[in-house]
Amino acid sequence: MRPVRGKRIVAILAAGGLSLAAAACGDAPEETPSGSGASTAAAYKACMVTDTGGIDDKSFNASAWAGLQAAKEAQSSVDPKYVASTAEADYEPNLRQFVTQKCNFILSVGGLMGGATEKVAKENPSQQFGIVDSAIPGVTNVFPMQFATEQAAFLAGYLAAGFSKSGKVATYGGLKIKPVTVFMDGFADGVAHYNKVKGKNVAVLGWDKAKQNGTFAENFGDQNKGKSITNTFVAQGADVVMPVAGGTGLGTADVAKASNGKVSVIWVDQDGCKSAEQYCGVFLTTVVKNITDAVEQAVVDGATGKPLAATPGYLGTLENNGVSIAPYHEFESKVDPALKAEIDKLKADIIAGTVKVESANAPK
């Protein structure tokens with residue numbers, strides 16, 4: 001996996017925004033007409049089905065779509081399309097319509113789509129599928145893209161504990177599923193590591209790793225629910241909050257923005273200062289899941305005839321830059337230099353294996 005190409009990805013995200021606006025109702029971008037001279041190569045149809053968070057969730061659906069746009073820029077034969085799911089019942093018919101359209105590569109975005117993807121893939125063994133945040137054992141025509149987000153979230157938890165003035169930080173999820181709770185596990189463990197190293201007692205609200213129990217919004221698109229949960233955390237004393245809830249988390253950003261600096265947010269998936277820049281002033285950092293590069297590479301490989309092996313698939317880690325924490329942006333001068341150095345050392349120790357980060361929810 002190539003390292004993140006920051007400037008180019010930002011440009012692609014910006015250009016993709018035009019496509020998102022045009023495709024707000026889920027319409028796919030038009031195919032290049034045959035004989036137009038745009039490309040002499042046969043079109044490689046890369047077709048994406050979003051989960052219920054929608055294409056412009058400022059999170060993992062948007063990241064995956066940016067990956068398709070990046071693949072088109074890298075390989076002109078790539079013809080990207082998407083359809084947005086508004087309910088879980090949409091997953092299977094949306095996948096089937098792309099099979100009917102003879103897409104070369106069909107991407108399912110999100111672990112919630114695992115069951116539908118497995119069913120449709122088994123029925124169409126010659127069709128190439130891919131899935132983000134899941135793996136389907138024994139199904140060889142589904143390329144899994146998974147991420148060791150517990151590693152980057154560990155860094156974020158340590159940072160949150162070190163940055164907090166109140167001694168209380170918080171996290172909550174959209175749904176209680178492994179691609180969400182793995183973030184929460186890493187975050188809680190990072191806080192615990194800070195407490196152990198520093199002899200402190202920073203508390204984590206919203207998640208008990210040992211009991212695997214915590215706070216969930218039960219959706220990925222309800223900003224009012226995000227506000228309500230966050231206001232409860234703030235009333236309990238939390239001053240750093242990490243929502244793992246897609247668009248629901250924008251409600252957390254709203255609360256932080258209204259707090260006049262008293263509350264900070266750790267975003268997830270895409271660097272929040274790029275995907276939701278209106279809230280950059282409250283984003284301490286982001287636990288980045290580099291879906292964009294993973295999707296781009298898979299699609300480019302497919303378009304150039306390289307095989308996509310279901311085993312082992314792709315696993316993003318701190319070592320291969322598949323996961324990371326984003327720059328501190330507007331918090332650059334607010335985070336103590338000693339804490340930044342500790343985070344850098346901790347990242348190196350995790351990569352070296354001298355600090356172990358473990359989660360039962362991590363991809364196997």
# chains A, B, ... in the order shown; residues from 1 in each chain; ligands from 1
$ residues_around --residues "Leu175 (chain A)" --least-positions-apart "4" --cutoff "8 Å" --atoms "only C-alpha atoms" --output "PyMOL selection string"
chain A and resi 180+216-220+245
$ select_by_dssp --residues "region 127-301 of chain A" --states "alpha helix (DSSP H)" --output "JSON, numbers by chain"
{"A": [149, 150, 151, 152, 153, 154, 155, 156, 157, 158, 159, 160, 161, 162, 163, 178, 179, 180, 181, 182, 183, 184, 185, 186, 187, 188, 189, 190, 191, 192, 193, 194, 195, 196, 197, 198, 223, 224, 225, 226, 227, 228, 229, 230, 231, 232, 233, 234, 235, 250, 251, 252, 253, 254, 255, 256, 257, 258, 272, 273, 274, 275, 291, 292, 293, 294, 295, 296, 297, 298, 299, 300, 301]}
$ residues_around --residues "Ala352 (chain A)" --least-positions-apart "6" --cutoff "12 Å" --atoms "only C-alpha atoms" --output "list in words"
Leu318, Glu319, Lys345 and Leu346 of chain A
$ write_last_selection --atoms "N, CA and C atoms" --output "tab-separated table (two decimals), in the first residue's frame"
chain	number	residue	atom	x	y	z
A	318	LEU	N	-0.63	0.78	11.72
A	318	LEU	CA	0.23	1.95	11.88
A	318	LEU	C	1.48	1.81	11.01
A	319	GLU	N	1.99	0.59	10.90
A	319	GLU	CA	3.24	0.37	10.17
A	319	GLU	C	3.10	0.67	8.69
A	345	LYS	N	6.64	8.46	20.22
A	345	LYS	CA	7.37	7.30	20.77
A	345	LYS	C	6.43	6.11	20.92
A	346	LEU	N	5.22	6.37	21.34
A	346	LEU	CA	4.24	5.31	21.52
A	346	LEU	C	3.91	4.64	20.18
$ residues_around --residues "region 188-202 of chain A" --least-positions-apart "6" --cutoff "6 Å" --atoms "only C-alpha atoms" --output "PyMOL selection string"
chain A and resi 154-155+157-158+161+167-168
$ select_by_dssp --residues "region 227-256 of chain A" --states "strand (DSSP E or B)" --output "PyMOL selection string"
chain A and resi 240-244
$ closest_atom_pairs --of "region 138-257 of chain A" --to "region 111-119 of chain A" --cutoff "12 Å" --atoms "only C-alpha atoms" --output "JSON lines"
{"residue": "A:Gly138", "atom": "CA", "partner": "A:Glu118", "partner_atom": "CA", "distance": 9.7}
{"residue": "A:Val139", "atom": "CA", "partner": "A:Glu118", "partner_atom": "CA", "distance": 7.3}
{"residue": "A:Thr140", "atom": "CA", "partner": "A:Glu118", "partner_atom": "CA", "distance": 10.2}
{"residue": "A:Asn141", "atom": "CA", "partner": "A:Glu118", "partner_atom": "CA", "distance": 9.5}
{"residue": "A:Val142", "atom": "CA", "partner": "A:Glu118", "partner_atom": "CA", "distance": 8.0}
{"residue": "A:Phe143", "atom": "CA", "partner": "A:Thr117", "partner_atom": "CA", "distance": 11.0}
{"residue": "A:Pro144", "atom": "CA", "partner": "A:Gly111", "partner_atom": "CA", "distance": 10.3}
{"residue": "A:Met145", "atom": "CA", "partner": "A:Gly111", "partner_atom": "CA", "distance": 10.3}
{"residue": "A:Gln146", "atom": "CA", "partner": "A:Gly111", "partner_atom": "CA", "distance": 9.6}
{"residue": "A:Phe147", "atom": "CA", "partner": "A:Gly111", "partner_atom": "CA", "distance": 11.7}
{"residue": "A:Gly174", "atom": "CA", "partner": "A:Leu112", "partner_atom": "CA", "distance": 11.8}
{"residue": "A:Leu175", "atom": "CA", "partner": "A:Leu112", "partner_atom": "CA", "distance": 9.8}
{"residue": "A:Lys176", "atom": "CA", "partner": "A:Leu112", "partner_atom": "CA", "distance": 10.8}
{"residue": "A:Ile177", "atom": "CA", "partner": "A:Gly111", "partner_atom": "CA", "distance": 7.9}
{"residue": "A:Lys178", "atom": "CA", "partner": "A:Gly111", "partner_atom": "CA", "distance": 8.1}
{"residue": "A:Pro179", "atom": "CA", "partner": "A:Gly111", "partner_atom": "CA", "distance": 6.8}
{"residue": "A:Val180", "atom": "CA", "partner": "A:Gly111", "partner_atom": "CA", "distance": 9.5}
{"residue": "A:Asn219", "atom": "CA", "partner": "A:Leu112", "partner_atom": "CA", "distance": 11.7}
{"residue": "A:Phe220", "atom": "CA", "partner": "A:Leu112", "partner_atom": "CA", "distance": 11.7}
$ write_last_selection --atoms "N, CA, C and O atoms" --output "compact mmCIF listing (two decimals), in the first residue's frame"
# COMPACT_ATOMS: atom_id res chain seq x y z
N GLY A 138 -14.01 -18.03 3.44
CA GLY A 138 -14.42 -19.07 2.51
C GLY A 138 -15.02 -18.59 1.22
O GLY A 138 -15.29 -19.39 0.33
N VAL A 139 -15.24 -17.28 1.10
CA VAL A 139 -15.81 -16.73 -0.13
C VAL A 139 -14.67 -16.03 -0.88
O VAL A 139 -14.24 -14.93 -0.51
N THR A 140 -14.18 -16.65 -1.92
CA THR A 140 -12.95 -16.21 -2.56
C THR A 140 -13.10 -15.02 -3.49
O THR A 140 -12.11 -14.42 -3.91
N ASN A 141 -14.34 -14.66 -3.83
CA ASN A 141 -14.53 -13.53 -4.76
C ASN A 141 -14.90 -12.23 -4.04
O ASN A 141 -15.41 -11.30 -4.65
N VAL A 142 -14.62 -12.17 -2.72
CA VAL A 142 -14.81 -10.94 -1.96
C VAL A 142 -13.48 -10.53 -1.35
O VAL A 142 -12.92 -11.23 -0.51
N PHE A 143 -12.95 -9.39 -1.79
CA PHE A 143 -11.67 -8.89 -1.31
C PHE A 143 -11.91 -8.03 -0.05
O PHE A 143 -12.56 -6.98 -0.14
N PRO A 144 -11.41 -8.45 1.12
CA PRO A 144 -11.65 -7.70 2.35
C PRO A 144 -10.63 -6.59 2.56
O PRO A 144 -9.43 -6.77 2.33
N MET A 145 -11.13 -5.44 3.00
CA MET A 145 -10.27 -4.32 3.39
C MET A 145 -10.58 -4.00 4.85
O MET A 145 -11.65 -3.46 5.16
N GLN A 146 -9.65 -4.36 5.74
CA GLN A 146 -9.87 -4.20 7.17
C GLN A 146 -8.75 -3.35 7.77
O GLN A 146 -7.69 -3.17 7.16
N PHE A 147 -8.99 -2.87 8.99
CA PHE A 147 -8.10 -1.87 9.57
C PHE A 147 -7.91 -2.11 11.07
O PHE A 147 -8.90 -2.31 11.79
N GLY A 174 -21.99 4.49 16.97
CA GLY A 174 -23.23 4.53 16.22
C GLY A 174 -24.04 3.28 16.48
O GLY A 174 -25.20 3.33 16.89
N LEU A 175 -23.41 2.13 16.27
CA LEU A 175 -24.02 0.84 16.58
C LEU A 175 -22.98 -0.04 17.27
O LEU A 175 -21.77 0.16 17.08
N LYS A 176 -23.44 -1.02 18.02
CA LYS A 176 -22.53 -1.91 18.72
C LYS A 176 -22.11 -3.03 17.77
O LYS A 176 -22.62 -4.15 17.82
N ILE A 177 -21.18 -2.70 16.89
CA ILE A 177 -20.62 -3.65 15.93
C ILE A 177 -19.10 -3.54 16.01
O ILE A 177 -18.56 -2.51 16.43
N LYS A 178 -18.40 -4.59 15.61
CA LYS A 178 -16.95 -4.65 15.81
C LYS A 178 -16.17 -3.51 15.16
O LYS A 178 -15.23 -2.99 15.76
N PRO A 179 -16.53 -3.08 13.92
CA PRO A 179 -15.77 -1.96 13.34
C PRO A 179 -15.91 -0.66 14.12
O PRO A 179 -15.12 0.26 13.94
N VAL A 180 -16.91 -0.57 15.00
CA VAL A 180 -17.08 0.59 15.88
C VAL A 180 -16.41 0.36 17.22
O VAL A 180 -15.61 1.18 17.69
N ASN A 219 -27.58 4.61 15.41
CA ASN A 219 -27.62 5.02 14.00
C ASN A 219 -26.35 5.79 13.68
O ASN A 219 -25.56 6.12 14.58
N PHE A 220 -26.19 6.11 12.40
CA PHE A 220 -25.01 6.85 11.95
C PHE A 220 -25.37 8.17 11.29
O PHE A 220 -24.55 8.76 10.59
$ closest_residue --among "A:Gly54, A:Ala362, A:Arg96, A:Asp269" --to "Lys122 (chain A)" --atoms "only C-alpha atoms"
A:Arg96
